[in-house]
Amino acid sequence: MELKQYYRVIRKRIFLIVVIVIAACTVTGINSFFYTDSVYRANAKLIVSQSLEYEGTQVMNVSLIQSNIMLINSYKEIIHSSAILNKVVEKYPDLQATAGEINSKITVSAANDSQVMNITVIDSSYKRAAEIANAVSTVFKENIPAIMHVDNVTILSEADTTINGAPINTSPLLSVITSFIVSLMIAIGIVFLLDHLDDTVKTEAD
């Protein structure tokens, strides 16, 4: 098919293309601007590190580092447990959240062969997400010695509650632009499909 033929096919059904694109962009815009809430992420870091004391000097060894890394899997489960989250609710009533609500907002992760744990909280308010991340970190650090009989957790960095975090979900304008591009491609595809399926005689050559 030559370029002129492509142009004729598109021009013939340009109204259909316009309708599909406008409908898709309108639906996406309404949903993005009026029915989609911004979502924010805050992150706090903990380090699992315990050293041995030798002749008055703190030293580390490979086996101890490996033990700390292996403990992280247990620590992930402990952070999600009611033993920690109930204390967070009790100590920080200003969060106005139940243990179940906090549990659904937090994610605990750690890179392979790393002693650093990340407590990530996702919420509709950045400040609240940061406060939850810091509260969980603090309560976990305070209670882990009693739970595991070992004091090897240190807060490496807290979530900054003084900044205005940017939302992590797609902006409404970007959603509309994406919808425009995708719907235009789909509409053109439909137009060419309809033309291919149309076996009526249109020209003398046909």
# chains A, B, ... in the order shown; residues from 1 in each chain; ligands from 1

$ select_by_dssp --residues "range 22-173 of chain A" --states "strand (DSSP E)" --output "VMD selection string"
chain A and resid 40 to 48 52 to 54 57 to 59 106 to 110 116 to 123 153 to 157

$ residues_around --residues "Ile14 in chain A" --least-positions-apart "4" --cutoff "12 Å" --atoms "only C-alpha atoms" --output "VMD selection string"
chain A and resid 6 to 10 18 to 21 184 187 to 188 190 to 192

$ write_last_selection --atoms "N, CA, C and O atoms" --output "PDB file, in the first residue's frame"
ATOM      1  N   TYR A   6      -2.465   5.119   2.258  1.00  0.00           N
ATOM      2  CA  TYR A   6      -2.566   5.234   3.709  1.00  0.00           C
ATOM      3  C   TYR A   6      -3.307   6.513   4.089  1.00  0.00           C
ATOM      4  O   TYR A   6      -4.180   6.517   4.960  1.00  0.00           O
ATOM      5  N   TYR A   7      -2.946   7.587   3.417  1.00  0.00           N
ATOM      6  CA  TYR A   7      -3.563   8.884   3.700  1.00  0.00           C
ATOM      7  C   TYR A   7      -5.057   8.852   3.412  1.00  0.00           C
ATOM      8  O   TYR A   7      -5.859   9.373   4.179  1.00  0.00           O
ATOM      9  N   ARG A   8      -5.419   8.218   2.273  1.00  0.00           N
ATOM     10  CA  ARG A   8      -6.845   8.147   1.908  1.00  0.00           C
ATOM     11  C   ARG A   8      -7.638   7.333   2.940  1.00  0.00           C
ATOM     12  O   ARG A   8      -8.771   7.682   3.287  1.00  0.00           O
ATOM     13  N   VAL A   9      -7.034   6.238   3.401  1.00  0.00           N
ATOM     14  CA  VAL A   9      -7.720   5.388   4.378  1.00  0.00           C
ATOM     15  C   VAL A   9      -7.974   6.157   5.666  1.00  0.00           C
ATOM     16  O   VAL A   9      -9.070   6.113   6.235  1.00  0.00           O
ATOM     17  N   ILE A  10      -6.947   6.885   6.124  1.00  0.00           N
ATOM     18  CA  ILE A  10      -7.089   7.659   7.366  1.00  0.00           C
ATOM     19  C   ILE A  10      -8.085   8.802   7.174  1.00  0.00           C
ATOM     20  O   ILE A  10      -8.931   9.054   8.037  1.00  0.00           O
ATOM     21  N   VAL A  18     -11.049  10.567  15.463  1.00  0.00           N
ATOM     22  CA  VAL A  18     -11.236  11.694  16.385  1.00  0.00           C
ATOM     23  C   VAL A  18     -12.153  11.310  17.543  1.00  0.00           C
ATOM     24  O   VAL A  18     -11.887  11.644  18.706  1.00  0.00           O
ATOM     25  N   VAL A  19     -13.234  10.602  17.242  1.00  0.00           N
ATOM     26  CA  VAL A  19     -14.191  10.207  18.281  1.00  0.00           C
ATOM     27  C   VAL A  19     -13.533   9.284  19.306  1.00  0.00           C
ATOM     28  O   VAL A  19     -13.698   9.461  20.519  1.00  0.00           O
ATOM     29  N   ILE A  20     -12.772   8.310  18.820  1.00  0.00           N
ATOM     30  CA  ILE A  20     -12.108   7.360  19.729  1.00  0.00           C
ATOM     31  C   ILE A  20     -11.105   8.084  20.623  1.00  0.00           C
ATOM     32  O   ILE A  20     -11.054   7.867  21.838  1.00  0.00           O
ATOM     33  N   VAL A  21     -10.296   8.961  20.030  1.00  0.00           N
ATOM     34  CA  VAL A  21      -9.271   9.678  20.797  1.00  0.00           C
ATOM     35  C   VAL A  21      -9.907  10.597  21.834  1.00  0.00           C
ATOM     36  O   VAL A  21      -9.491  10.630  23.000  1.00  0.00           O
ATOM     37  N   LEU A 184      -4.807   6.989  19.932  1.00  0.00           N
ATOM     38  CA  LEU A 184      -4.575   7.336  18.525  1.00  0.00           C
ATOM     39  C   LEU A 184      -4.034   6.133  17.766  1.00  0.00           C
ATOM     40  O   LEU A 184      -4.482   5.848  16.635  1.00  0.00           O
ATOM     41  N   ALA A 187      -6.899   3.654  17.390  1.00  0.00           N
ATOM     42  CA  ALA A 187      -7.885   4.130  16.413  1.00  0.00           C
ATOM     43  C   ALA A 187      -7.385   3.937  14.987  1.00  0.00           C
ATOM     44  O   ALA A 187      -8.143   3.480  14.104  1.00  0.00           O
ATOM     45  N   ILE A 188      -6.126   4.269  14.732  1.00  0.00           N
ATOM     46  CA  ILE A 188      -5.562   4.077  13.388  1.00  0.00           C
ATOM     47  C   ILE A 188      -5.527   2.601  13.039  1.00  0.00           C
ATOM     48  O   ILE A 188      -5.816   2.206  11.897  1.00  0.00           O
ATOM     49  N   ILE A 190      -7.611   0.308  14.111  1.00  0.00           N
ATOM     50  CA  ILE A 190      -8.991  -0.095  13.810  1.00  0.00           C
ATOM     51  C   ILE A 190      -9.390   0.349  12.407  1.00  0.00           C
ATOM     52  O   ILE A 190     -10.035  -0.392  11.657  1.00  0.00           O
ATOM     53  N   VAL A 191      -8.983   1.569  12.035  1.00  0.00           N
ATOM     54  CA  VAL A 191      -9.312   2.098  10.708  1.00  0.00           C
ATOM     55  C   VAL A 191      -8.721   1.223   9.610  1.00  0.00           C
ATOM     56  O   VAL A 191      -9.392   0.874   8.638  1.00  0.00           O
ATOM     57  N   PHE A 192      -7.475   0.852   9.751  1.00  0.00           N
ATOM     58  CA  PHE A 192      -6.836  -0.001   8.734  1.00  0.00           C
ATOM     59  C   PHE A 192      -7.418  -1.405   8.727  1.00  0.00           C
ATOM     60  O   PHE A 192      -7.516  -2.042   7.670  1.00  0.00           O
TER      61      PHE A 192
END

$ residues_around --residues "range 151-167 of chain A" --least-positions-apart "2" --cutoff "8 Å" --atoms "only C-alpha atoms" --output "number ranges by chain"
A: 38-50, 126-127, 130-131, 133-134, 137-138, 141, 144-145, 149, 169-170

$ atom_distance --atom1 "CA of Leu193 in chain A" --atom2 "CA of Gln5 in chain A"
13.9 Å

$ residues_around --residues "Gly189 in chain A" --least-positions-apart "6" --cutoff "10 Å" --atoms "only C-alpha atoms" --output "list in words"
Ile10, Ile17, Ser183 and Asp195 of chain A

$ write_last_selection --atoms "N, CA, C and O atoms" --output "short mmCIF file (atom, residue, chain, number, x, y, z; two decimals), in the first residue's frame"
data_model
loop_
_atom_site.label_atom_id
_atom_site.label_comp_id
_atom_site.auth_asym_id
_atom_site.auth_seq_id
_atom_site.Cartn_x
_atom_site.Cartn_y
_atom_site.Cartn_z
N ILE A 10 -6.95 6.89 6.12
CA ILE A 10 -7.09 7.66 7.37
C ILE A 10 -8.08 8.80 7.17
O ILE A 10 -8.93 9.05 8.04
N ILE A 17 -11.56 8.18 14.08
CA ILE A 17 -10.33 8.34 14.84
C ILE A 17 -10.49 9.43 15.89
O ILE A 17 -10.12 9.26 17.05
N SER A 183 -4.59 5.78 22.42
CA SER A 183 -5.88 5.73 21.73
C SER A 183 -5.73 6.08 20.26
O SER A 183 -6.43 5.53 19.40
N ASP A 195 -10.66 -1.17 6.86
CA ASP A 195 -10.39 -1.04 5.43
C ASP A 195 -9.97 -2.37 4.83
O ASP A 195 -10.35 -2.71 3.70
#

$ closest_residue --among "A:Ser82, A:Asp113, A:Asn68, A:Ala24" --to "Gly100 in chain A" --atoms "only C-alpha atoms"
A:Ser82

$ closest_residue --among "A:Val108, A:Glu204, A:Cys25, A:Phe15" --to "Glu77 in chain A" --atoms "only C-alpha atoms"
A:Val108
